[in-house]
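As stored in final.cif (mmCIF, C-alpha atoms (C1' of nucleotides)):
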```cif
data_entry
loop_
_atom_site.group_PDB
_atom_site.id
_atom_site.type_symbol
_atom_site.label_atom_id
_atom_site.label_comp_id
_atom_site.auth_asym_id
_atom_site.auth_seq_id
_atom_site.Cartn_x
_atom_site.Cartn_y
_atom_site.Cartn_z
ATOM 1 C CA MET A 1 30.075 -6.638 167.481
ATOM 2 C CA LEU A 2 31.343 -3.156 166.684
ATOM 3 C CA LEU A 3 28.079 -1.436 165.795
ATOM 4 C CA ARG A 4 24.428 -2.255 165.260
ATOM 5 C CA VAL A 5 22.465 -0.296 162.645
ATOM 6 C CA PRO A 6 18.724 -1.115 162.687
ATOM 7 C CA HIS A 7 16.838 -1.148 159.379
ATOM 8 C CA PRO A 8 14.790 2.031 158.963
ATOM 9 C CA TRP A 9 11.860 -0.079 157.708
ATOM 10 C CA PRO A 10 10.558 -3.538 158.599
ATOM 11 C CA LEU A 11 11.504 -6.223 156.063
ATOM 12 C CA LEU A 12 8.999 -8.427 154.226
ATOM 13 C CA PRO A 13 10.032 -12.013 153.313
ATOM 14 C CA GLY A 14 9.512 -13.570 149.916
ATOM 15 C CA ARG A 15 11.129 -15.531 147.128
ATOM 16 C CA LEU A 16 12.960 -14.214 144.100
ATOM 17 C CA VAL A 17 11.246 -14.822 140.761
ATOM 18 C CA ALA A 18 13.663 -13.044 138.433
ATOM 19 C CA ARG A 19 15.741 -9.949 137.960
ATOM 20 C CA TYR A 20 15.073 -7.720 134.985
ATOM 21 C CA LYS A 21 17.333 -5.137 133.415
ATOM 22 C CA ARG A 22 19.528 -4.756 136.455
ATOM 23 C CA PHE A 23 17.223 -2.526 138.435
ATOM 24 C CA ILE A 24 14.090 -4.608 138.882
ATOM 25 C CA ALA A 25 13.597 -7.707 141.023
ATOM 26 C CA GLU A 26 10.328 -9.582 140.808
ATOM 27 C CA ILE A 27 9.528 -11.234 144.114
ATOM 28 C CA ASP A 28 6.700 -13.383 145.455
ATOM 29 C CA LEU A 29 5.945 -12.165 148.967
ATOM 30 C CA GLU A 30 4.796 -14.594 151.634
ATOM 31 C CA SER A 31 1.499 -12.744 151.593
ATOM 32 C CA GLY A 32 0.978 -14.204 148.142
ATOM 33 C CA GLU A 33 1.455 -10.902 146.370
ATOM 34 C CA ARG A 34 3.866 -10.739 143.441
ATOM 35 C CA ILE A 35 5.695 -7.431 143.570
ATOM 36 C CA ARG A 36 8.459 -5.580 141.767
ATOM 37 C CA ALA A 37 11.261 -4.211 143.895
ATOM 38 C CA HIS A 38 14.072 -1.859 143.021
ATOM 39 C CA CYS A 39 17.429 -3.631 142.946
ATOM 40 C CA VAL A 40 19.885 -1.042 144.190
ATOM 41 C CA ASN A 41 22.824 -3.268 143.338
ATOM 42 C CA PRO A 42 24.334 -2.239 139.982
ATOM 43 C CA GLY A 43 26.577 -5.276 139.838
ATOM 44 C CA ARG A 44 25.902 -8.756 138.586
ATOM 45 C CA MET A 45 25.442 -10.198 142.099
ATOM 46 C CA GLU A 46 27.323 -13.313 141.094
ATOM 47 C CA GLY A 47 25.601 -16.415 142.412
ATOM 48 C CA GLN A 48 22.875 -14.537 144.255
ATOM 49 C CA VAL A 49 20.194 -14.101 141.591
ATOM 50 C CA ARG A 50 18.774 -17.620 141.914
ATOM 51 C CA PRO A 51 15.061 -17.983 141.110
ATOM 52 C CA GLY A 52 13.361 -19.288 144.243
ATOM 53 C CA ALA A 53 15.961 -17.882 146.620
ATOM 54 C CA ARG A 54 14.605 -16.344 149.798
ATOM 55 C CA ALA A 55 14.694 -12.565 149.588
ATOM 56 C CA TRP A 56 13.577 -9.697 151.773
ATOM 57 C CA VAL A 57 12.329 -6.288 150.698
ATOM 58 C CA SER A 58 11.587 -3.055 152.501
ATOM 59 C CA PRO A 59 8.463 -1.020 151.733
ATOM 60 C CA VAL A 60 8.920 2.456 150.298
ATOM 61 C CA PRO A 61 7.297 5.279 152.296
ATOM 62 C CA ALA A 62 3.902 6.217 150.861
ATOM 63 C CA ALA A 63 5.040 9.801 150.334
ATOM 64 C CA SER A 64 7.885 8.765 148.030
ATOM 65 C CA LYS A 65 7.499 9.358 144.294
ATOM 66 C CA ARG A 66 9.369 6.185 143.426
ATOM 67 C CA LYS A 67 7.799 3.944 140.801
ATOM 68 C CA LEU A 68 8.702 0.734 142.583
ATOM 69 C CA ARG A 69 7.084 0.480 145.996
ATOM 70 C CA TYR A 70 9.699 -1.895 147.450
ATOM 71 C CA THR A 71 13.475 -2.103 147.743
ATOM 72 C CA TRP A 72 15.339 -5.410 147.605
ATOM 73 C CA GLU A 73 17.436 -5.540 150.783
ATOM 74 C CA LEU A 74 18.578 -9.106 151.574
ATOM 75 C CA VAL A 75 18.982 -12.422 149.794
ATOM 76 C CA GLU A 76 19.737 -15.944 150.994
ATOM 77 C CA GLU A 77 22.755 -17.728 149.516
ATOM 78 C CA ASP A 78 23.779 -21.202 150.696
ATOM 79 C CA GLY A 79 21.499 -20.844 153.702
ATOM 80 C CA ARG A 80 23.062 -17.573 154.766
ATOM 81 C CA ILE A 81 21.591 -14.110 154.645
ATOM 82 C CA VAL A 82 23.555 -11.641 152.531
ATOM 83 C CA GLY A 83 22.959 -7.917 152.177
ATOM 84 C CA ALA A 84 22.039 -6.990 148.585
ATOM 85 C CA ASN A 85 21.563 -3.238 148.936
ATOM 86 C CA THR A 86 24.785 -1.485 147.918
ATOM 87 C CA VAL A 87 23.678 1.863 149.341
ATOM 88 C CA ALA A 88 23.228 0.496 152.831
ATOM 89 C CA PRO A 89 26.958 0.166 153.640
ATOM 90 C CA ASN A 90 27.491 3.880 153.091
ATOM 91 C CA ARG A 91 24.929 4.571 155.791
ATOM 92 C CA VAL A 92 26.562 1.966 158.015
ATOM 93 C CA VAL A 93 30.046 3.414 157.518
ATOM 94 C CA ALA A 94 28.744 6.931 158.193
ATOM 95 C CA ASP A 95 27.472 5.660 161.548
ATOM 96 C CA LEU A 96 30.674 3.727 162.134
ATOM 97 C CA LEU A 97 32.851 6.780 161.599
ATOM 98 C CA ALA A 98 30.560 9.028 163.626
ATOM 99 C CA ALA A 99 30.681 6.487 166.469
ATOM 100 C CA ARG A 100 34.510 6.656 166.330
ATOM 101 C CA VAL A 101 34.852 2.916 166.628
ATOM 102 C CA LEU A 102 37.701 2.018 164.264
ATOM 103 C CA PRO A 103 41.278 2.654 165.427
ATOM 104 C CA GLY A 104 42.920 5.218 163.188
ATOM 105 C CA LEU A 105 39.533 6.512 162.072
ATOM 106 C CA LYS A 106 38.285 7.985 165.330
ATOM 107 C CA ARG A 107 40.265 11.187 165.791
ATOM 108 C CA PHE A 108 38.944 13.899 163.496
ATOM 109 C CA GLY A 109 37.161 17.206 163.670
ATOM 110 C CA GLN A 110 34.418 17.249 161.101
ATOM 111 C CA LEU A 111 32.959 14.396 159.071
ATOM 112 C CA ARG A 112 31.877 15.356 155.564
ATOM 113 C CA SER A 113 30.436 13.105 152.879
ATOM 114 C CA GLU A 114 30.507 13.108 149.086
ATOM 115 C CA VAL A 115 33.285 15.685 148.871
ATOM 116 C CA ALA A 116 34.509 16.547 145.375
ATOM 117 C CA TYR A 117 38.233 16.089 144.797
ATOM 118 C CA ALA A 118 40.773 15.242 142.115
ATOM 119 C CA GLU A 119 39.498 14.908 138.569
ATOM 120 C CA ARG A 120 35.750 14.312 138.463
ATOM 121 C CA SER A 121 35.856 12.247 141.630
ATOM 122 C CA ARG A 122 33.957 12.382 144.852
ATOM 123 C CA VAL A 123 35.217 10.775 148.001
ATOM 124 C CA ASP A 124 32.654 9.045 150.204
ATOM 125 C CA PHE A 125 33.927 10.604 153.423
ATOM 126 C CA LEU A 126 36.463 13.246 154.321
ATOM 127 C CA LEU A 127 37.719 13.495 157.892
ATOM 128 C CA ASP A 128 39.023 16.885 158.967
ATOM 129 C CA GLY A 129 42.135 16.902 161.106
ATOM 130 C CA ALA A 130 45.795 17.874 161.213
ATOM 131 C CA THR A 131 45.978 16.091 157.857
ATOM 132 C CA PRO A 132 42.776 15.458 155.891
ATOM 133 C CA HIS A 133 41.825 11.809 155.660
ATOM 134 C CA TYR A 134 39.994 10.546 152.572
ATOM 135 C CA VAL A 135 37.844 7.455 153.149
ATOM 136 C CA GLU A 136 36.452 5.568 150.166
ATOM 137 C CA VAL A 137 33.901 2.822 150.819
ATOM 138 C CA LYS A 138 33.810 -0.214 148.553
ATOM 139 C CA ASN A 139 30.997 -2.669 149.090
ATOM 140 C CA CYS A 140 31.362 -6.332 148.247
ATOM 141 C CA HIS A 141 29.191 -9.398 148.624
ATOM 142 C CA LEU A 142 31.043 -12.041 146.624
ATOM 143 C CA ARG A 143 32.525 -14.904 148.617
ATOM 144 C CA TYR A 144 34.378 -17.910 147.276
ATOM 145 C CA PRO A 145 34.980 -21.203 149.150
ATOM 146 C CA ASP A 146 38.384 -19.993 150.344
ATOM 147 C CA ALA A 147 36.381 -17.876 152.831
ATOM 148 C CA ARG A 148 37.527 -14.673 151.206
ATOM 149 C CA GLY A 149 35.534 -11.762 149.879
ATOM 150 C CA TYR A 150 36.328 -10.459 146.402
ATOM 151 C CA PHE A 151 35.864 -7.012 144.910
ATOM 152 C CA PRO A 152 34.808 -6.034 142.324
ATOM 153 C CA ASP A 153 32.512 -8.645 140.758
ATOM 154 C CA SER A 154 32.858 -7.037 137.342
ATOM 155 C CA VAL A 155 35.204 -4.608 135.613
ATOM 156 C CA SER A 156 34.965 -1.294 137.387
ATOM 157 C CA ALA A 157 36.973 1.420 135.658
ATOM 158 C CA ARG A 158 35.502 3.906 138.091
ATOM 159 C CA ALA A 159 36.844 2.046 141.108
ATOM 160 C CA THR A 160 40.296 1.927 139.518
ATOM 161 C CA HIS A 161 40.085 5.651 138.843
ATOM 162 C CA HIS A 162 39.278 6.175 142.524
ATOM 163 C CA LEU A 163 42.437 4.311 143.523
ATOM 164 C CA HIS A 164 44.611 6.488 141.310
ATOM 165 C CA ALA A 165 42.985 9.611 142.729
ATOM 166 C CA LEU A 166 43.534 8.416 146.313
ATOM 167 C CA ARG A 167 47.147 7.653 145.520
ATOM 168 C CA GLU A 168 47.565 11.225 144.324
ATOM 169 C CA VAL A 169 46.133 12.763 147.479
ATOM 170 C CA VAL A 170 48.432 10.556 149.573
ATOM 171 C CA GLU A 171 51.445 11.638 147.542
ATOM 172 C CA ALA A 172 50.298 15.216 148.156
ATOM 173 C CA GLY A 173 50.477 14.646 151.910
ATOM 174 C CA ALA A 174 46.954 13.579 152.870
ATOM 175 C CA LYS A 175 45.834 10.290 154.364
ATOM 176 C CA ALA A 176 43.564 7.906 152.473
ATOM 177 C CA THR A 177 41.797 4.695 153.373
ATOM 178 C CA VAL A 178 39.870 2.289 151.186
ATOM 179 C CA LEU A 179 37.348 0.670 153.508
ATOM 180 C CA PHE A 180 35.803 -2.487 152.137
ATOM 181 C CA THR A 181 32.533 -3.691 153.573
ATOM 182 C CA ILE A 182 31.282 -7.195 152.944
ATOM 183 C CA GLN A 183 27.672 -7.869 153.743
ATOM 184 C CA ARG A 184 28.184 -11.358 155.128
ATOM 185 C CA PRO A 185 30.106 -12.453 158.221
ATOM 186 C CA ASP A 186 31.664 -15.673 156.885
ATOM 187 C CA VAL A 187 34.890 -14.324 155.403
ATOM 188 C CA GLU A 188 38.404 -14.123 156.857
ATOM 189 C CA ALA A 189 39.850 -11.553 154.472
ATOM 190 C CA ILE A 190 39.092 -9.480 151.400
ATOM 191 C CA ARG A 191 41.046 -9.413 148.175
ATOM 192 C CA PRO A 192 40.852 -7.398 144.982
ATOM 193 C CA SER A 193 39.443 -9.777 142.377
ATOM 194 C CA ILE A 194 42.147 -10.403 139.795
ATOM 195 C CA LEU A 195 39.695 -12.635 137.961
ATOM 196 C CA HIS A 196 37.051 -9.941 137.518
ATOM 197 C CA ASP A 197 39.196 -6.822 137.188
ATOM 198 C CA PRO A 198 42.983 -7.272 136.991
ATOM 199 C CA ALA A 199 43.491 -3.542 136.434
ATOM 200 C CA PHE A 200 41.768 -2.764 139.714
ATOM 201 C CA ALA A 201 43.854 -5.377 141.529
ATOM 202 C CA GLU A 202 47.072 -3.923 140.151
ATOM 203 C CA ALA A 203 45.998 -0.369 140.963
ATOM 204 C CA ALA A 204 45.253 -1.532 144.506
ATOM 205 C CA ARG A 205 48.767 -2.976 144.889
ATOM 206 C CA GLU A 206 50.271 0.257 143.585
ATOM 207 C CA ALA A 207 48.072 2.409 145.799
ATOM 208 C CA GLY A 208 48.941 0.271 148.810
ATOM 209 C CA ALA A 209 52.653 0.639 148.069
ATOM 210 C CA ALA A 210 52.142 4.411 147.776
ATOM 211 C CA GLY A 211 50.615 4.608 151.230
ATOM 212 C CA VAL A 212 46.874 4.251 150.697
ATOM 213 C CA ARG A 213 45.553 2.161 153.584
ATOM 214 C CA PHE A 214 43.304 -0.795 152.841
ATOM 215 C CA ARG A 215 40.969 -2.064 155.532
ATOM 216 C CA ALA A 216 37.785 -4.096 155.687
ATOM 217 C CA VAL A 217 34.903 -4.861 158.012
ATOM 218 C CA THR A 218 32.327 -7.632 157.898
ATOM 219 C CA ILE A 219 28.639 -6.827 158.132
ATOM 220 C CA GLN A 220 26.125 -9.379 159.377
ATOM 221 C CA ALA A 221 22.733 -8.696 157.836
ATOM 222 C CA THR A 222 19.798 -9.812 159.958
ATOM 223 C CA LEU A 223 16.084 -9.239 159.577
ATOM 224 C CA ASP A 224 16.344 -6.412 162.104
ATOM 225 C CA SER A 225 19.644 -4.684 161.465
ATOM 226 C CA LEU A 226 23.002 -4.480 159.765
ATOM 227 C CA ASP A 227 25.639 -5.376 162.340
ATOM 228 C CA VAL A 228 29.263 -4.400 161.861
ATOM 229 C CA MET A 229 30.973 -7.474 163.250
ATOM 230 C CA ARG A 230 34.765 -7.175 163.035
ATOM 231 C CA GLU A 231 37.705 -5.882 161.069
ATOM 232 C CA ILE A 232 39.399 -8.333 158.727
ATOM 233 C CA PRO A 233 42.589 -7.969 156.690
ATOM 234 C CA VAL A 234 42.814 -6.923 153.048
ATOM 235 C CA GLU A 235 45.166 -9.088 150.990
ATOM 236 C CA LEU A 236 46.618 -7.054 148.135
ATOM 237 C CA ALA A 237 49.230 -9.558 146.972
ATOM 238 C CA ALA A 238 48.799 -11.282 143.614
ATOM 239 C CA TYR A 239 47.521 -14.872 143.637
ATOM 240 C CA ASP A 240 46.720 -17.694 141.219
ATOM 241 C CA THR A 241 43.170 -17.329 139.892
ATOM 242 C CA ALA A 242 42.728 -20.896 138.609
ATOM 243 C CA PRO A 243 40.557 -21.987 141.578
ATOM 244 C CA HIS A 244 38.487 -18.817 141.301
ATOM 245 C CA ALA A 245 37.583 -19.543 137.696
ATOM 246 C CA ARG A 246 36.205 -22.936 138.785
ATOM 247 C CA TRP A 247 34.262 -21.398 141.660
ATOM 248 C CA GLN A 248 32.896 -18.720 139.372
ATOM 249 C CA ALA A 249 31.691 -21.300 136.851
ATOM 250 C CA LYS A 250 29.428 -22.782 139.526
ATOM 251 C CA LYS A 251 27.894 -19.409 140.319
ATOM 252 C CA LEU A 252 27.561 -17.990 136.834
ATOM 253 C CA PRO A 253 24.422 -19.898 135.790
ATOM 254 C CA TRP A 254 22.614 -17.837 138.388
ATOM 255 C CA SER A 255 24.068 -14.452 137.549
ATOM 256 C CA GLY A 256 22.964 -11.373 135.725
ATOM 257 C CA TRP A 257 19.446 -10.501 134.694
ATOM 258 C CA ARG A 258 16.939 -10.894 131.923
ATOM 259 C CA ASN A 259 16.215 -8.124 129.494
ATOM 260 C CA ASP A 260 12.599 -9.035 128.835
ATOM 261 C CA GLY A 261 10.214 -7.347 131.199
ATOM 262 C CA PRO A 262 7.953 -9.214 133.625
ATOM 263 C "C1'" DC B 1 13.537 32.268 148.648
ATOM 264 C "C1'" DA B 2 11.045 28.086 147.305
ATOM 265 C "C1'" DT B 3 10.314 24.841 144.057
ATOM 266 C "C1'" DA B 4 11.432 22.488 139.702
ATOM 267 C "C1'" DT B 5 14.363 20.575 136.525
ATOM 268 C "C1'" DT B 6 18.749 18.760 135.073
ATOM 269 C "C1'" DC B 7 22.968 16.399 135.977
ATOM 270 C "C1'" DT B 8 25.857 12.686 137.690
ATOM 271 C "C1'" DA B 9 26.775 8.199 139.062
ATOM 272 C "C1'" DT B 10 26.154 3.285 139.199
ATOM 273 C "C1'" DG B 11 27.450 -1.916 135.661
ATOM 274 C "C1'" DG B 12 26.047 -5.020 132.339
ATOM 275 C "C1'" DT B 13 23.790 -5.557 128.030
ATOM 276 C "C1'" DA B 14 22.537 -4.798 123.370
ATOM 277 C "C1'" DC B 15 23.260 -2.309 119.808
ATOM 278 C "C1'" DC B 16 25.819 0.030 115.942
ATOM 279 C "C1'" DC B 17 29.883 0.965 113.349
ATOM 280 C "C1'" DG B 18 34.280 0.505 111.308
ATOM 281 C "C1'" DA B 19 38.397 -2.289 110.846
ATOM 282 C "C1'" DT B 20 40.468 -6.630 110.074
ATOM 283 C "C1'" DA C 1 32.500 -13.438 109.994
ATOM 284 C "C1'" DT C 2 34.526 -11.681 114.072
ATOM 285 C "C1'" DC C 3 36.821 -8.158 116.692
ATOM 286 C "C1'" DG C 4 36.838 -3.956 119.627
ATOM 287 C "C1'" DG C 5 35.242 0.736 120.584
ATOM 288 C "C1'" DG C 6 31.625 3.756 121.524
ATOM 289 C "C1'" DT C 7 27.125 4.544 123.566
ATOM 290 C "C1'" DA C 8 22.225 4.469 125.046
ATOM 291 C "C1'" DC C 9 19.665 2.340 128.376
ATOM 292 C "C1'" DC C 10 17.683 0.792 132.677
ATOM 293 C "C1'" DA C 11 15.770 3.360 138.233
ATOM 294 C "C1'" DT C 12 16.981 5.979 141.656
ATOM 295 C "C1'" DA C 13 19.148 9.332 144.983
ATOM 296 C "C1'" DG C 14 21.133 13.306 145.819
ATOM 297 C "C1'" DA C 15 23.628 17.259 144.324
ATOM 298 C "C1'" DA C 16 23.779 21.017 141.287
ATOM 299 C "C1'" DT C 17 21.643 24.308 138.659
ATOM 300 C "C1'" DA C 18 17.753 26.820 136.861
ATOM 301 C "C1'" DT C 19 13.324 28.988 137.113
ATOM 302 C "C1'" DG C 20 9.342 31.519 139.172
#
```
So, in terms of structure tokens, how does the structure I just supplied come out?
Amino acid sequence: MLLRVPHPWPLLPGRLVARYKRFIAEIDLESGERIRAHCVNPGRMEGQVRPGARAWVSPVPAASKRKLRYTWELVEEDGRIVGANTVAPNRVVADLLAARVLPGLKRFGQLRSEVAYAERSRVDFLLDGATPHYVEVKNCHLRYPDARGYFPDSVSARATHHLHALREVVEAGAKATVLFTIQRPDVEAIRPSILHDPAFAEAAREAGAAGVRFRAVTIQATLDSLDVMREIPVELAAYDTAPHARWQAKKLPWSGWRNDGP
DNA sequence: CATATTCTATGGTACCCGAT
DNA sequence: ATCGGGTACCATAGAATATG
């Protein structure tokens, strides 16, 4: 294990009832209470929004002004716990960089986050050094039976825009790394999803050829912590998507959300 | 200076509108 | 009738900007 990041709050177990309008997850807690939790994940969470699936939420501090008093953190898919909170990896990567664990990402002066650059873009992390190093975090949670993680799980024009911007800073002499995180340990590599967003996949190939580095780490979510397990390769090369379409068809009945409120 | 409000960003959906 | 494009919307955090 590379790094252990304990949850700031204790998690409460329950079962997913439904997801509404992208942001709201209705969950039956083991205490018997039916609650509404904020779903931080803006994506479709392909295959992971199954009614009845085990899910864990964190309580929101009493002082917070949030409407929803819980945050959906983890979900069980195929008997395995998967991280569902897309904000969490940014915190994990911040710790990972600060701990200077990853080769090539450990020698730097200052670590800044959310730094504005290029055209209407903000990079997740900027490492000061002889040459500035831009680090963009991309979280993924989609796994297909080929034991690979895929990003994105929907068309993401913004992510493609980020790749073009990173390519520009590299061509201007800076260093740039796209760091994928996948919140499950059972993958051997990560690929851009040609099936979900071919433009992103092509932009990734171009950015890679231009010198943008692509790396990935697996994160094992447990009830106590998010554990950065190991670095895995990113596979940028094009591939046949026929098997992926079949795998997706099996997951799709359980995707998305309902638009009628609970 | 402290506090309050506005802005930005996130992705899929539902909606409208105009063109075929 | 079906299409694609544009856009508001949903909840929230955090940054940016405004107000007292």
If you apply the PyMOL selection byres ((chain A) within 7 of (chain C)) to this file, what residues do you get, as a ChimeraX atom specification? /A:21-23
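Coordinates place CA of Asp28 (chain A) at a distance of 8.6 Å from CA of Pro13 (chain A).
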What's around Gln248 (chain A) at 12 Å? Count only C-alpha atoms (C1' of nucleotides), leave out sequence neighbours fewer than 5 positions away in its own chain, and write the answer as a PyMOL selection string. chain A and resi 45-48+142-145+150+153-154+193+195-196+241-243+253-255
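The space between CA of Arg213 (chain A) and CA of Arg91 (chain A) spans 20.9 Å.
Here CA of Ile232 (chain A) is placed at a distance of 16.6 Å from CA of Glu136 (chain A).
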Shell of 9 Å around Thr86 (chain A), all atoms listed in the file, local chain residues under 5 positions omitted, as a list in words: Val40, Asn41, Pro42, Glu73, Asn139 and Cys140 of chain A
Resulting file, chosen residues, C-alpha atoms, as a short mmCIF file (atom, residue, chain, number, x, y, z; two decimals), keeping the file's coordinate frame:
```
data_model
loop_
_atom_site.label_atom_id
_atom_site.label_comp_id
_atom_site.auth_asym_id
_atom_site.auth_seq_id
_atom_site.Cartn_x
_atom_site.Cartn_y
_atom_site.Cartn_z
CA VAL A 40 19.89 -1.04 144.19
CA ASN A 41 22.82 -3.27 143.34
CA PRO A 42 24.33 -2.24 139.98
CA GLU A 73 17.44 -5.54 150.78
CA ASN A 139 31.00 -2.67 149.09
CA CYS A 140 31.36 -6.33 148.25
#
```
Chain B near chain A within 10 Å: what's each residue's closest atom pair and its distance in Å to one decimal, counting all atoms listed in the file, ordered by chain then ascending residue number, as JSON lines?
```
{"residue": "B:DA9", "atom": "C1'", "partner": "A:Arg158", "partner_atom": "CA", "distance": 9.8}
{"residue": "B:DT10", "atom": "C1'", "partner": "A:Pro42", "partner_atom": "CA", "distance": 5.9}
{"residue": "B:DG11", "atom": "C1'", "partner": "A:Pro42", "partner_atom": "CA", "distance": 5.3}
{"residue": "B:DG12", "atom": "C1'", "partner": "A:Arg44", "partner_atom": "CA", "distance": 7.3}
{"residue": "B:DT13", "atom": "C1'", "partner": "A:Asn259", "partner_atom": "CA", "distance": 8.1}
{"residue": "B:DA14", "atom": "C1'", "partner": "A:Asn259", "partner_atom": "CA", "distance": 9.4}
```
Given the PyMOL selection byres ((chain A and resi 230) around 6) and the file above, list the residues it selects as a PyMOL selection string. chain A and resi 217-218+229+231
So which one's closest to Ala199 (chain A), A:Pro152, A:Pro8, A:Pro89, A:Gly79? Using only C-alpha atoms, please. A:Pro152
Hey, what's within 9 Å of Arg36 (chain A) if we count all atoms listed in the file and toss same-chain stuff fewer than 5 positions away? As a PDB file with C-alpha atoms, in the coordinates of the input, please?
```pdb
ATOM      1  CA  ILE A  24      14.090  -4.608 138.882  1.00  0.00           C
ATOM      2  CA  ALA A  25      13.597  -7.707 141.023  1.00  0.00           C
ATOM      3  CA  GLU A  26      10.328  -9.582 140.808  1.00  0.00           C
ATOM      4  CA  ILE A  27       9.528 -11.234 144.114  1.00  0.00           C
ATOM      5  CA  ASP A  28       6.700 -13.383 145.455  1.00  0.00           C
ATOM      6  CA  LEU A  68       8.702   0.734 142.583  1.00  0.00           C
ATOM      7  CA  ARG A  69       7.084   0.480 145.996  1.00  0.00           C
ATOM      8  CA  TYR A  70       9.699  -1.895 147.450  1.00  0.00           C
ATOM      9  CA  THR A  71      13.475  -2.103 147.743  1.00  0.00           C
ATOM     10  CA  PRO A 262       7.953  -9.214 133.625  1.00  0.00           C
TER      11      PRO A 262
END
```
Mind checking which residues fall within 7 Å of Val187 (chain A), counting all atoms listed in the file, ignoring those fewer than 6 positions away in the same chain, and posting them as a short mmCIF file (atom, residue, chain, number, x, y, z; two decimals) with C-alpha atoms, in the coordinates of the input?
```
data_model
loop_
_atom_site.label_atom_id
_atom_site.label_comp_id
_atom_site.auth_asym_id
_atom_site.auth_seq_id
_atom_site.Cartn_x
_atom_site.Cartn_y
_atom_site.Cartn_z
CA ALA A 147 36.38 -17.88 152.83
CA ARG A 148 37.53 -14.67 151.21
CA GLY A 149 35.53 -11.76 149.88
#
```
Would you compute the box with edges along x, y and z of the file around region 4-16 of chain B, including every atom the file lists for it and 4 Å extra on each side, and give its centre and edge lengths in Å to one decimal, as AutoDock Vina command-line options?
```
--center_x 19.4 --center_y 8.5 --center_z 127.8 --size_x 24.0 --size_y 36.0 --size_z 31.8
```
Would you pick out the contacts of region 159-173 of chain A at 10 Å or less, using all atoms listed in the file, so that residues sharing its chain but fewer than 5 positions from it are not included, and give the list as a PyMOL selection string? chain A and resi 117-123+131-136+138+151-152+178+197-213
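Each of A:Lys251, A:Lys106, A:Lys175, A:Arg66 was compared to Asp78 (chain A) using all atoms listed in the file, and A:Lys251 turns out to be the nearest.
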On this structure, which residues satisfy the PyMOL selection byres ((chain A and resi 9) around 7), written as a CSV table (one decimal) with C-alpha atoms, keeping the file's coordinate frame?
```csv
chain,number,residue,atom,x,y,z
A,7,HIS,CA,16.8,-1.1,159.4
A,8,PRO,CA,14.8,2.0,159.0
A,10,PRO,CA,10.6,-3.5,158.6
A,11,LEU,CA,11.5,-6.2,156.1
A,58,SER,CA,11.6,-3.1,152.5
A,59,PRO,CA,8.5,-1.0,151.7
```
